[in-house]
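Asker: Input final_2.pdb, format and content: PDB, C-alpha atoms.
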```
ATOM      1  CA  MET A   1     -28.242  14.408 -25.366
ATOM      2  CA  LEU A   2     -27.456  17.092 -22.830
ATOM      3  CA  ARG A   3     -29.601  20.194 -23.221
ATOM      4  CA  SER A   4     -27.792  22.604 -20.889
ATOM      5  CA  PHE A   5     -25.026  22.996 -18.331
ATOM      6  CA  ASN A   6     -27.668  22.949 -15.586
ATOM      7  CA  GLU A   7     -28.549  19.477 -16.813
ATOM      8  CA  VAL A   8     -24.860  18.537 -16.740
ATOM      9  CA  MET A   9     -24.611  19.675 -13.131
ATOM     10  CA  GLU A  10     -27.748  17.826 -12.074
ATOM     11  CA  LYS A  11     -26.555  14.662 -13.778
ATOM     12  CA  ALA A  12     -23.055  14.960 -12.301
ATOM     13  CA  LYS A  13     -24.550  15.480  -8.848
ATOM     14  CA  SER A  14     -26.399  12.172  -9.156
ATOM     15  CA  THR A  15     -23.098  10.295  -9.514
ATOM     16  CA  GLY A  16     -21.976  11.327  -6.016
ATOM     17  CA  LYS A  17     -19.426  13.860  -4.858
ATOM     18  CA  THR A  18     -16.206  13.921  -6.858
ATOM     19  CA  VAL A  19     -12.947  14.837  -5.160
ATOM     20  CA  LEU A  20     -11.072  17.668  -6.877
ATOM     21  CA  SER A  21      -7.318  18.026  -6.512
ATOM     22  CA  VAL A  22      -6.401  21.685  -7.052
ATOM     23  CA  ALA A  23      -2.781  22.405  -7.967
ATOM     24  CA  VAL A  24      -1.393  25.657  -6.486
ATOM     25  CA  ALA A  25      -4.771  26.530  -5.027
ATOM     26  CA  GLN A  26      -4.030  30.117  -3.914
ATOM     27  CA  ASP A  27      -6.266  31.470  -6.701
ATOM     28  CA  LYS A  28      -9.449  33.324  -5.762
ATOM     29  CA  ASP A  29     -11.247  32.668  -9.065
ATOM     30  CA  VAL A  30     -10.608  28.933  -8.914
ATOM     31  CA  LEU A  31     -11.650  28.795  -5.265
ATOM     32  CA  LEU A  32     -14.925  30.521  -6.165
ATOM     33  CA  ALA A  33     -15.543  27.829  -8.777
ATOM     34  CA  VAL A  34     -14.691  25.115  -6.247
ATOM     35  CA  LYS A  35     -17.084  26.743  -3.769
ATOM     36  CA  ALA A  36     -19.864  26.817  -6.383
ATOM     37  CA  ALA A  37     -19.249  23.146  -7.209
ATOM     38  CA  ALA A  38     -19.546  22.317  -3.506
ATOM     39  CA  GLU A  39     -22.766  24.335  -3.221
ATOM     40  CA  TRP A  40     -24.207  22.340  -6.123
ATOM     41  CA  GLY A  41     -23.247  19.134  -4.351
ATOM     42  CA  LEU A  42     -20.912  18.137  -7.179
ATOM     43  CA  ALA A  43     -17.576  17.944  -5.454
ATOM     44  CA  LYS A  44     -15.316  18.492  -2.503
ATOM     45  CA  ALA A  45     -11.739  19.654  -2.811
ATOM     46  CA  VAL A  46      -8.201  19.018  -1.722
ATOM     47  CA  LEU A  47      -6.260  22.274  -2.050
ATOM     48  CA  VAL A  48      -2.526  21.921  -2.591
ATOM     49  CA  GLY A  49      -0.386  25.044  -2.282
ATOM     50  CA  ASP A  50       0.815  27.717   0.091
ATOM     51  CA  GLU A  51      -1.506  27.442   3.085
ATOM     52  CA  THR A  52      -0.581  30.943   4.304
ATOM     53  CA  LYS A  53      -2.102  32.288   1.074
ATOM     54  CA  ILE A  54      -4.944  29.778   0.729
ATOM     55  CA  ARG A  55      -6.466  30.289   4.188
ATOM     56  CA  PRO A  56      -7.071  34.054   3.770
ATOM     57  CA  LEU A  57      -8.685  33.385   0.387
ATOM     58  CA  LEU A  58     -11.007  30.818   1.953
ATOM     59  CA  VAL A  59     -12.150  33.534   4.342
ATOM     60  CA  GLU A  60     -12.455  36.098   1.541
ATOM     61  CA  THR A  61     -14.528  33.745  -0.620
ATOM     62  CA  GLU A  62     -16.644  32.767   2.406
ATOM     63  CA  MET A  63     -15.909  29.102   1.861
ATOM     64  CA  THR A  64     -18.036  27.244   4.408
ATOM     65  CA  HIS A  65     -17.681  23.771   2.900
ATOM     66  CA  ASP A  66     -15.109  21.324   4.185
ATOM     67  CA  VAL A  67     -11.843  21.402   2.283
ATOM     68  CA  THR A  68      -8.499  19.775   2.911
ATOM     69  CA  VAL A  69      -5.391  21.947   2.569
ATOM     70  CA  ILE A  70      -1.976  20.430   1.874
ATOM     71  CA  HIS A  71       0.789  22.933   2.516
ATOM     72  CA  GLU A  72       3.443  23.211  -0.205
ATOM     73  CA  THR A  73       5.091  26.528  -1.018
ATOM     74  CA  ASP A  74       6.960  25.423  -4.143
ATOM     75  CA  ASP A  75       4.620  25.624  -7.153
ATOM     76  CA  ASP A  76       6.140  22.748  -9.090
ATOM     77  CA  ALA A  77       6.135  20.501  -6.032
ATOM     78  CA  ALA A  78       2.527  21.492  -5.314
ATOM     79  CA  ALA A  79       1.470  20.623  -8.861
ATOM     80  CA  LEU A  80       3.168  17.257  -8.669
ATOM     81  CA  ARG A  81       1.562  16.543  -5.289
ATOM     82  CA  ALA A  82      -1.848  17.426  -6.674
ATOM     83  CA  VAL A  83      -1.240  15.097  -9.618
ATOM     84  CA  GLU A  84      -0.159  12.310  -7.264
ATOM     85  CA  LEU A  85      -3.428  12.584  -5.336
ATOM     86  CA  VAL A  86      -5.306  11.807  -8.540
ATOM     87  CA  ARG A  87      -2.898   9.088  -9.588
ATOM     88  CA  ASN A  88      -3.235   7.413  -6.173
ATOM     89  CA  GLY A  89      -7.036   7.483  -6.242
ATOM     90  CA  GLU A  90      -7.422  10.088  -3.501
ATOM     91  CA  ALA A  91      -9.052  12.449  -6.037
ATOM     92  CA  GLN A  92     -10.748  11.933  -9.383
ATOM     93  CA  VAL A  93     -10.315  15.286 -11.167
ATOM     94  CA  LEU A  94      -7.251  17.527 -11.429
ATOM     95  CA  VAL A  95      -7.779  21.307 -11.460
ATOM     96  CA  LYS A  96      -5.168  23.898 -12.408
ATOM     97  CA  GLY A  97      -4.755  26.778  -9.977
ATOM     98  CA  LEU A  98      -2.293  29.662  -9.933
ATOM     99  CA  ILE A  99       0.507  28.050 -11.932
ATOM    100  CA  ASN A 100       1.887  28.469 -15.433
ATOM    101  CA  SER A 101       0.267  26.054 -17.870
ATOM    102  CA  SER A 102       3.569  24.585 -19.052
ATOM    103  CA  ASN A 103       4.635  23.847 -15.459
ATOM    104  CA  PHE A 104       1.227  22.347 -14.739
ATOM    105  CA  LEU A 105       1.381  20.078 -17.783
ATOM    106  CA  ARG A 106       4.925  19.050 -16.919
ATOM    107  CA  ALA A 107       3.547  17.611 -13.686
ATOM    108  CA  VAL A 108       0.682  15.927 -15.542
ATOM    109  CA  LEU A 109       3.171  14.253 -17.899
ATOM    110  CA  HIS A 110       5.762  13.346 -15.261
ATOM    111  CA  PRO A 111       7.130   9.925 -16.336
ATOM    112  CA  GLU A 112       6.803   8.290 -12.900
ATOM    113  CA  LYS A 113       4.260  10.322 -10.961
ATOM    114  CA  GLY A 114       2.087  11.822 -13.686
ATOM    115  CA  LEU A 115      -1.192  10.909 -15.367
ATOM    116  CA  ARG A 116       0.114   9.496 -18.630
ATOM    117  CA  SER A 117      -2.269   7.091 -20.333
ATOM    118  CA  GLY A 118      -0.364   6.469 -23.547
ATOM    119  CA  LYS A 119      -2.640   8.877 -25.402
ATOM    120  CA  MET A 120      -1.896  12.386 -26.574
ATOM    121  CA  LEU A 121      -3.511  15.223 -24.673
ATOM    122  CA  SER A 122      -6.299  17.104 -26.425
ATOM    123  CA  HIS A 123      -8.849  19.792 -25.634
ATOM    124  CA  LEU A 124     -12.626  19.444 -25.610
ATOM    125  CA  MET A 125     -14.952  22.445 -25.498
ATOM    126  CA  ALA A 126     -18.674  22.390 -24.775
ATOM    127  CA  PHE A 127     -21.035  25.209 -25.741
ATOM    128  CA  GLU A 128     -24.557  26.093 -24.680
ATOM    129  CA  ILE A 129     -25.630  28.320 -27.562
ATOM    130  CA  PRO A 130     -28.794  30.437 -27.347
ATOM    131  CA  GLY A 131     -31.463  28.925 -29.586
ATOM    132  CA  GLU A 132     -29.802  25.515 -29.881
ATOM    133  CA  PRO A 133     -31.605  22.521 -28.335
ATOM    134  CA  LYS A 134     -28.519  20.797 -26.922
ATOM    135  CA  LEU A 135     -24.889  21.263 -25.935
ATOM    136  CA  LEU A 136     -22.416  21.178 -28.811
ATOM    137  CA  PHE A 137     -18.863  19.883 -28.456
ATOM    138  CA  HIS A 138     -15.743  21.002 -30.342
ATOM    139  CA  THR A 139     -12.284  19.433 -30.449
ATOM    140  CA  ASP A 140      -9.409  20.420 -30.644
ATOM    141  CA  GLY A 141      -9.095  24.190 -30.438
ATOM    142  CA  GLY A 142      -6.708  24.477 -27.535
ATOM    143  CA  MET A 143      -3.879  21.958 -27.460
ATOM    144  CA  ASN A 144      -2.654  20.503 -30.755
ATOM    145  CA  VAL A 145      -1.523  22.991 -33.365
ATOM    146  CA  ALA A 146      -1.523  21.042 -36.635
ATOM    147  CA  PRO A 147      -2.505  17.428 -36.017
ATOM    148  CA  GLY A 148      -1.962  14.845 -38.739
ATOM    149  CA  LEU A 149      -4.315  11.988 -39.518
ATOM    150  CA  GLU A 150      -3.227   9.715 -36.663
ATOM    151  CA  GLU A 151      -3.324  12.609 -34.197
ATOM    152  CA  LYS A 152      -6.812  13.578 -35.364
ATOM    153  CA  LYS A 153      -7.930   9.990 -34.860
ATOM    154  CA  GLN A 154      -6.648  10.058 -31.279
ATOM    155  CA  ILE A 155      -8.323  13.422 -30.651
ATOM    156  CA  MET A 156     -11.592  12.059 -32.031
ATOM    157  CA  ILE A 157     -11.404   8.877 -29.950
ATOM    158  CA  SER A 158     -10.727  10.797 -26.713
ATOM    159  CA  ALA A 159     -13.681  13.095 -27.359
ATOM    160  CA  LEU A 160     -15.992  10.185 -28.180
ATOM    161  CA  GLU A 161     -14.967   8.382 -24.998
ATOM    162  CA  ALA A 162     -15.725  11.531 -23.008
ATOM    163  CA  LEU A 163     -19.139  11.962 -24.631
ATOM    164  CA  ARG A 164     -19.933   8.308 -23.965
ATOM    165  CA  ALA A 165     -19.087   8.844 -20.282
ATOM    166  CA  MET A 166     -21.556  11.759 -20.330
ATOM    167  CA  GLY A 167     -24.271   9.409 -21.580
ATOM    168  CA  ILE A 168     -24.106  10.245 -25.312
ATOM    169  CA  ALA A 169     -23.681   6.689 -26.561
ATOM    170  CA  LYS A 170     -23.494   7.212 -30.336
ATOM    171  CA  PRO A 171     -22.689  10.849 -31.166
ATOM    172  CA  ASN A 172     -23.025  12.452 -34.569
ATOM    173  CA  VAL A 173     -19.599  13.712 -35.620
ATOM    174  CA  ALA A 174     -18.863  16.359 -38.249
ATOM    175  CA  ILE A 175     -15.266  16.183 -39.487
ATOM    176  CA  LEU A 176     -15.001  19.785 -40.584
ATOM    177  CA  THR A 177     -13.303  21.184 -43.671
ATOM    178  CA  ALA A 178     -13.907  24.145 -45.965
ATOM    179  CA  ASN A 179     -16.092  22.116 -48.331
ATOM    180  CA  GLU A 180     -17.407  18.618 -49.013
ATOM    181  CA  GLN A 181     -15.081  17.707 -51.875
ATOM    182  CA  VAL A 182     -12.000  15.532 -51.320
ATOM    183  CA  ASN A 183      -9.088  17.467 -52.799
ATOM    184  CA  PRO A 184      -5.447  16.369 -52.438
ATOM    185  CA  LYS A 185      -4.472  20.048 -52.418
ATOM    186  CA  ILE A 186      -6.500  20.469 -49.215
ATOM    187  CA  PRO A 187      -5.067  17.843 -46.835
ATOM    188  CA  ALA A 188      -7.854  18.334 -44.286
ATOM    189  CA  THR A 189     -10.373  16.938 -46.781
ATOM    190  CA  VAL A 190      -8.274  13.820 -47.342
ATOM    191  CA  ASP A 191      -7.925  13.329 -43.574
ATOM    192  CA  ALA A 192     -11.658  13.841 -43.092
ATOM    193  CA  GLN A 193     -12.536  11.162 -45.608
ATOM    194  CA  ALA A 194     -10.081   8.745 -43.988
ATOM    195  CA  LEU A 195     -11.459   9.432 -40.500
ATOM    196  CA  ALA A 196     -15.050   8.892 -41.645
ATOM    197  CA  THR A 197     -13.996   5.593 -43.204
ATOM    198  CA  MET A 198     -12.237   4.543 -39.979
ATOM    199  CA  ALA A 199     -15.323   5.364 -37.928
ATOM    200  CA  ALA A 200     -17.570   3.384 -40.279
ATOM    201  CA  ALA A 201     -15.179   0.429 -39.956
ATOM    202  CA  GLY A 202     -15.434   0.486 -36.158
ATOM    203  CA  GLU A 203     -11.938   1.834 -35.514
ATOM    204  CA  THR A 204     -13.353   4.472 -33.156
ATOM    205  CA  PRO A 205     -15.963   4.322 -30.400
ATOM    206  CA  PRO A 206     -19.520   4.141 -31.787
ATOM    207  CA  CYS A 207     -20.538   7.247 -33.722
ATOM    208  CA  VAL A 208     -22.028   8.447 -36.994
ATOM    209  CA  ALA A 209     -19.205  10.401 -38.613
ATOM    210  CA  GLU A 210     -19.270  12.368 -41.852
ATOM    211  CA  GLY A 211     -16.448  14.162 -43.580
ATOM    212  CA  PRO A 212     -15.334  16.143 -45.334
ATOM    213  CA  ILE A 213     -18.202  18.424 -44.358
ATOM    214  CA  ALA A 214     -18.408  22.214 -44.126
ATOM    215  CA  MET A 215     -19.769  24.047 -41.100
ATOM    216  CA  ASP A 216     -22.904  25.299 -42.859
ATOM    217  CA  VAL A 217     -23.967  21.794 -43.878
ATOM    218  CA  ALA A 218     -23.066  20.306 -40.498
ATOM    219  CA  SER A 219     -25.115  22.987 -38.745
ATOM    220  CA  SER A 220     -28.183  23.084 -40.986
ATOM    221  CA  LYS A 221     -30.412  20.548 -42.707
ATOM    222  CA  GLU A 222     -31.609  23.367 -44.946
ATOM    223  CA  ALA A 223     -28.047  24.120 -46.058
ATOM    224  CA  ALA A 224     -27.460  20.449 -46.859
ATOM    225  CA  LYS A 225     -30.680  20.293 -48.868
ATOM    226  CA  HIS A 226     -29.860  23.533 -50.698
ATOM    227  CA  LYS A 227     -26.418  22.212 -51.663
ATOM    228  CA  GLY A 228     -27.835  18.829 -52.694
ATOM    229  CA  ILE A 229     -25.851  16.932 -50.059
ATOM    230  CA  GLN A 230     -27.216  13.764 -48.489
ATOM    231  CA  SER A 231     -26.359  13.774 -44.796
ATOM    232  CA  GLN A 232     -27.472  11.771 -41.767
ATOM    233  CA  ILE A 233     -26.143  14.341 -39.325
ATOM    234  CA  ALA A 234     -26.789  17.783 -40.822
ATOM    235  CA  GLY A 235     -28.364  19.957 -38.134
ATOM    236  CA  GLU A 236     -27.980  17.140 -35.584
ATOM    237  CA  VAL A 237     -24.238  17.194 -34.859
ATOM    238  CA  ASP A 238     -22.973  16.497 -31.343
ATOM    239  CA  LEU A 239     -19.218  16.736 -31.942
ATOM    240  CA  PHE A 240     -17.360  18.992 -34.374
ATOM    241  CA  LEU A 241     -13.837  17.769 -35.153
ATOM    242  CA  MET A 242     -11.718  20.761 -36.149
ATOM    243  CA  PRO A 243      -9.084  20.568 -38.912
ATOM    244  CA  ALA A 244      -6.542  22.670 -36.989
ATOM    245  CA  ILE A 245      -6.196  24.695 -33.802
ATOM    246  CA  GLU A 246      -6.993  28.008 -35.546
ATOM    247  CA  ALA A 247     -10.401  26.759 -36.645
ATOM    248  CA  GLY A 248     -11.351  25.544 -33.188
ATOM    249  CA  ASN A 249     -10.027  28.665 -31.514
ATOM    250  CA  LEU A 250     -11.775  31.077 -33.872
ATOM    251  CA  VAL A 251     -15.119  29.280 -33.884
ATOM    252  CA  GLY A 252     -15.117  28.912 -30.114
ATOM    253  CA  LYS A 253     -14.292  32.544 -29.400
ATOM    254  CA  ALA A 254     -16.838  33.733 -31.964
ATOM    255  CA  LEU A 255     -19.542  31.672 -30.250
ATOM    256  CA  ILE A 256     -18.609  33.058 -26.838
ATOM    257  CA  HIS A 257     -18.326  36.707 -27.829
ATOM    258  CA  TYR A 258     -20.892  37.097 -30.606
ATOM    259  CA  ALA A 259     -23.442  34.343 -29.925
ATOM    260  CA  LYS A 260     -23.119  34.776 -26.131
ATOM    261  CA  ALA A 261     -22.621  31.046 -25.696
ATOM    262  CA  LYS A 262     -21.881  29.581 -22.293
ATOM    263  CA  ASN A 263     -18.826  27.353 -22.389
ATOM    264  CA  ALA A 264     -16.676  24.806 -20.626
ATOM    265  CA  GLY A 265     -13.376  23.153 -21.462
ATOM    266  CA  LEU A 266     -11.389  20.092 -20.437
ATOM    267  CA  ILE A 267      -8.125  18.388 -21.239
ATOM    268  CA  LEU A 268      -8.561  14.775 -22.288
ATOM    269  CA  GLY A 269      -6.087  11.981 -22.916
ATOM    270  CA  ALA A 270      -4.711  11.653 -19.386
ATOM    271  CA  THR A 271      -5.855   8.940 -17.001
ATOM    272  CA  HIS A 272      -8.358  11.364 -15.459
ATOM    273  CA  PRO A 273     -10.189  14.531 -16.608
ATOM    274  CA  ILE A 274      -8.243  17.764 -16.205
ATOM    275  CA  VAL A 275      -9.697  21.245 -15.715
ATOM    276  CA  MET A 276      -7.257  23.861 -16.991
ATOM    277  CA  VAL A 277      -9.208  27.095 -17.263
ATOM    278  CA  SER A 278      -7.947  30.508 -18.261
ATOM    279  CA  ARG A 279      -7.914  33.407 -15.798
ATOM    280  CA  SER A 280      -9.968  35.313 -18.398
ATOM    281  CA  ASP A 281     -12.775  32.721 -18.296
ATOM    282  CA  GLU A 282     -15.940  33.745 -16.511
ATOM    283  CA  ALA A 283     -16.764  32.092 -13.201
ATOM    284  CA  SER A 284     -19.576  30.154 -14.855
ATOM    285  CA  ALA A 285     -17.157  28.633 -17.380
ATOM    286  CA  LYS A 286     -14.949  27.393 -14.545
ATOM    287  CA  LEU A 287     -17.933  25.858 -12.763
ATOM    288  CA  HIS A 288     -19.230  24.252 -15.957
ATOM    289  CA  SER A 289     -15.781  22.811 -16.669
ATOM    290  CA  ILE A 290     -15.642  21.244 -13.219
ATOM    291  CA  ALA A 291     -19.170  19.863 -13.698
ATOM    292  CA  LEU A 292     -18.222  18.263 -17.021
ATOM    293  CA  ALA A 293     -15.127  16.721 -15.445
ATOM    294  CA  CYS A 294     -17.205  15.342 -12.567
ATOM    295  CA  LEU A 295     -19.737  13.871 -14.988
ATOM    296  CA  ILE A 296     -17.040  12.260 -17.123
ATOM    297  CA  SER A 297     -15.286  10.874 -14.063
ATOM    298  CA  GLY A 298     -18.525   9.363 -12.779
ATOM    299  CA  GLY A 299     -19.370   8.040 -16.233
ATOM    300  CA  HIS A 300     -16.002   6.323 -16.625
ATOM    301  CA  GLU A 301     -16.437   4.657 -13.229
ATOM    302  CA  ALA A 302     -19.919   3.444 -14.235
ATOM    303  CA  GLU A 303     -18.534   2.007 -17.490
ATOM    304  CA  ALA A 304     -15.713   0.280 -15.619
ATOM    305  CA  GLY A 305     -18.194  -1.251 -13.206
ATOM    306  CA  LYS A 306     -20.279  -2.878 -15.923
TER     307      LYS A 306
END
```
Would you encode the structure as structure tokens?
Answerer:
Amino acid sequence: MLRSFNEVMEKAKSTGKTVLSVAVAQDKDVLLAVKAAAEWGLAKAVLVGDETKIRPLLVETEMTHDVTVIHETDDDAAALRAVELVRNGEAQVLVKGLINSSNFLRAVLHPEKGLRSGKMLSHLMAFEIPGEPKLLFHTDGGMNVAPGLEEKKQIMISALEALRAMGIAKPNVAILTANEQVNPKIPATVDAQALATMAAAGETPPCVAEGPIAMDVASSKEAAKHKGIQSQIAGEVDLFLMPAIEAGNLVGKALIHYAKAKNAGLILGATHPIVMVSRSDEASAKLHSIALACLISGGHEAEAGK
């Protein structure tokens, strides 16, 4: 398990420096995160964008670490160039800069030059919650609005592959619903049962998956005992699979704002990890997201080398 984001950064650092490709890099907040990643020894960066805007920001942010700047004034062309660097093996992680998300993703999904893997894209969040002994992971609260059973399976597989690359070999997975009863009138419960059955049959990467399961039972052994539910994972969950985007979004924002959780987020499903942070995210969230991406990238390379 991973106990904290500091542990993530230390572990990512041990895999060697990752090269970040930053699309439309004339963004002070992103450059501060890139600088912090360099100071931690996690990564070095290739900055693609308008050099006349990037260079003054490097001075303003007091960037003393070596960076490469590729001059491209057109945002869409810059995004595509940044994607190509990753595709060609010149970088291992793609980072969104000062560009609209839809334009950024259009470059990611470019049919010839993009990072398509044949999988759907999905979002993985990690939370360091005060009082909890380890990081908790949620998917998908940021990309897919109303996934069906097959989409949920793909989301689950992508998240499990990412956790495995982080060193969590057999995660406990809670397939969340409003309660533990399978009810045809509540499609999420039917999907949850099917997903748990698939996982038990080995149709996903190794995990211990239970569903349908409500958040209180997933989060607390005492709640499971009180409700008379036998569970292998209650109070020990690594990955929470959300029934729909609203659930993931609401739970995540509640943890950040009310529980004061630290957080990080990544896009999975492409050939390489993608950091697509919001301008409203704190600097620490951007750094943690880059650290997670570096760790996953290093973990995938270690798996491939076995």
Asker: Under the PyMOL selection byres ((chain A and resi 128-144) around 9), which residues of this model are included? Write them out as a ChimeraX atom specification.
Answerer: /A:1-5,121-127,145-147,151-152,155-156,159,163,237-252,255-256,259-264,267
Asker: Any idea what's packed within 12 Å of Thr68 in chain A, counting only C-alpha atoms, ignoring anything in its chain fewer than 6 positions away? Could you give it as a list in words?
Answerer: Val19, Leu20, Ser21, Val22, Ala25, Lys44, Ala45, Val46, Leu47, Val48, Gly49, Glu51, Ile54, Arg55, Leu58, Ala82, Glu90 and Ala91 of chain A
Asker: Residues near range 115-118 of chain A, anyone? I mean within 10 Å using only C-alpha atoms, not counting same-chain ones fewer than 4 positions away, as a PyMOL selection string.
Answerer: chain A and resi 83-84+86-87+94+105+107-111+269-274
Asker: The PyMOL selection byres ((chain A and resi 174) around 6) on the file shown: which residues, as a PyMOL selection string?
Answerer: chain A and resi 173+175-176+209-210+240
Asker: Give me the result of the PyMOL selection byres ((chain A and resi 27) around 8) on this file, residue by residue, as a ChimeraX atom specification.
Answerer: /A:24-26,28-31,54,57,97-98
Asker: Would you list the residues near (-20.2, 6.8, -32.7) (no more than 9 Å away, in the coordinates of the file, using all atoms listed in the file) as a list in words?
Answerer: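 Final list of nearby residues, as requested, is Leu160, Arg164, Ala169, Lys170, Pro171, Asn172, Val173, Ala199, Ala200, Gly202, Thr204, Pro205, Pro206, Cys207, Val208 and Ala209 of chain A.
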Asker: Of the candidates A:Lys17, A:Lys96, A:His65, A:Lys225, which one gets nearest to Leu42 in chain A if we count all atoms listed in the file?
Answerer: A:Lys17
Asker: I'd like the contact shell of Asp216 in chain A - 10 Å cut-off, all atoms listed in the file, skipping same-chain residues fewer than 4 positions apart - returned as a PyMOL selection string.
Answerer: chain A and resi 176+178-179+220-224+227+234-235
Asker: Out of A:Glu180, A:Ala194, A:Lys153, A:Trp40, which residue has the shortest atom-to-atom distance to Val217 in chain A when counting all atoms listed in the file?
Answerer: A:Glu180
Asker: Name the closest residue to Ala218 in chain A among the candidates A:Thr52, A:Thr177, A:Gly298, A:Val8; distances are taken between atoms, counting all atoms listed in the file.
Answerer: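 The shortest atom-to-atom distance to Ala218 in chain A comes from A:Thr177.
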Asker: CA of Pro56 in chain A and CA of Asp74 in chain A, how far apart in Å?
Answerer: 18.3 Å
Asker: Work out how far apart CA of Thr64 in chain A and CA of Leu80 in chain A are and give it in Å to one decimal.
Answerer: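 A separation of 26.8 Å between them.
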Asker: Check which residues of range 11-93 of chain A sit at most 8 Å from range 291-296 of chain A using only C-alpha atoms, and return one row each with the closest pair of atoms and their distance in Å to one decimal, ordered by chain and rising number, as JSON lines.
Answerer:
```
{"residue": "A:Lys11", "atom": "CA", "partner": "A:Leu295", "partner_atom": "CA", "distance": 7.0}
{"residue": "A:Ala12", "atom": "CA", "partner": "A:Leu295", "partner_atom": "CA", "distance": 4.4}
{"residue": "A:Lys13", "atom": "CA", "partner": "A:Leu295", "partner_atom": "CA", "distance": 8.0}
{"residue": "A:Thr15", "atom": "CA", "partner": "A:Leu295", "partner_atom": "CA", "distance": 7.4}
{"residue": "A:Thr18", "atom": "CA", "partner": "A:Cys294", "partner_atom": "CA", "distance": 6.0}
{"residue": "A:Ala37", "atom": "CA", "partner": "A:Ala291", "partner_atom": "CA", "distance": 7.3}
{"residue": "A:Leu42", "atom": "CA", "partner": "A:Ala291", "partner_atom": "CA", "distance": 7.0}
{"residue": "A:Ala43", "atom": "CA", "partner": "A:Cys294", "partner_atom": "CA", "distance": 7.6}
{"residue": "A:Gln92", "atom": "CA", "partner": "A:Cys294", "partner_atom": "CA", "distance": 8.0}
{"residue": "A:Val93", "atom": "CA", "partner": "A:Ala293", "partner_atom": "CA", "distance": 6.6}
```
Asker: Using all atoms listed in the file, which of the listed residues (A:Ala283, A:Ala188, A:Ala78, A:Leu149) sits closest to Ile213 in chain A?
Answerer: A:Ala188
Asker: Which value, in Å to one decimal, gives the distance between CA of Ser289 in chain A and CA of Glu161 in chain A?
Answerer: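 It comes out at 16.7 Å.
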Asker: Starting from the incomplete input, reconstruct N, CA, C and O atoms of range 252-263 of chain A and write that as a short mmCIF file (atom, residue, chain, number, x, y, z; two decimals), in the frame of the given file.
Answerer:
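The resulting rebuild16.cif:
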```cif
data_model
loop_
_atom_site.label_atom_id
_atom_site.label_comp_id
_atom_site.auth_asym_id
_atom_site.auth_seq_id
_atom_site.Cartn_x
_atom_site.Cartn_y
_atom_site.Cartn_z
N GLY A 252 -14.76 28.86 -31.53
CA GLY A 252 -15.12 28.91 -30.11
C GLY A 252 -15.24 30.33 -29.59
O GLY A 252 -16.22 30.67 -28.91
N LYS A 253 -14.25 31.17 -29.91
CA LYS A 253 -14.29 32.54 -29.40
C LYS A 253 -15.42 33.35 -30.05
O LYS A 253 -16.02 34.21 -29.41
N ALA A 254 -15.71 33.05 -31.31
CA ALA A 254 -16.84 33.73 -31.96
C ALA A 254 -18.15 33.37 -31.29
O ALA A 254 -19.02 34.23 -31.07
N LEU A 255 -18.32 32.09 -30.94
CA LEU A 255 -19.54 31.67 -30.25
C LEU A 255 -19.68 32.35 -28.90
O LEU A 255 -20.77 32.80 -28.51
N ILE A 256 -18.57 32.46 -28.17
CA ILE A 256 -18.61 33.06 -26.84
C ILE A 256 -18.91 34.55 -26.92
O ILE A 256 -19.76 35.07 -26.19
N HIS A 257 -18.24 35.25 -27.82
CA HIS A 257 -18.33 36.71 -27.83
C HIS A 257 -19.49 37.25 -28.65
O HIS A 257 -20.09 38.26 -28.28
N TYR A 258 -19.83 36.58 -29.75
CA TYR A 258 -20.89 37.10 -30.61
C TYR A 258 -22.23 36.39 -30.39
O TYR A 258 -23.28 37.02 -30.46
N ALA A 259 -22.19 35.08 -30.14
CA ALA A 259 -23.44 34.34 -29.92
C ALA A 259 -23.79 34.26 -28.44
O ALA A 259 -24.84 33.73 -28.09
N LYS A 260 -22.90 34.78 -27.58
CA LYS A 260 -23.12 34.78 -26.13
C LYS A 260 -23.31 33.36 -25.59
O LYS A 260 -24.12 33.10 -24.70
N ALA A 261 -22.54 32.43 -26.14
CA ALA A 261 -22.62 31.05 -25.70
C ALA A 261 -21.95 30.87 -24.35
O ALA A 261 -20.90 31.46 -24.07
N LYS A 262 -22.54 30.04 -23.51
CA LYS A 262 -21.88 29.58 -22.29
C LYS A 262 -20.91 28.47 -22.71
O LYS A 262 -21.16 27.76 -23.67
N ASN A 263 -19.83 28.31 -21.94
CA ASN A 263 -18.83 27.35 -22.39
C ASN A 263 -18.15 26.65 -21.23
O ASN A 263 -18.23 27.08 -20.07
#
```
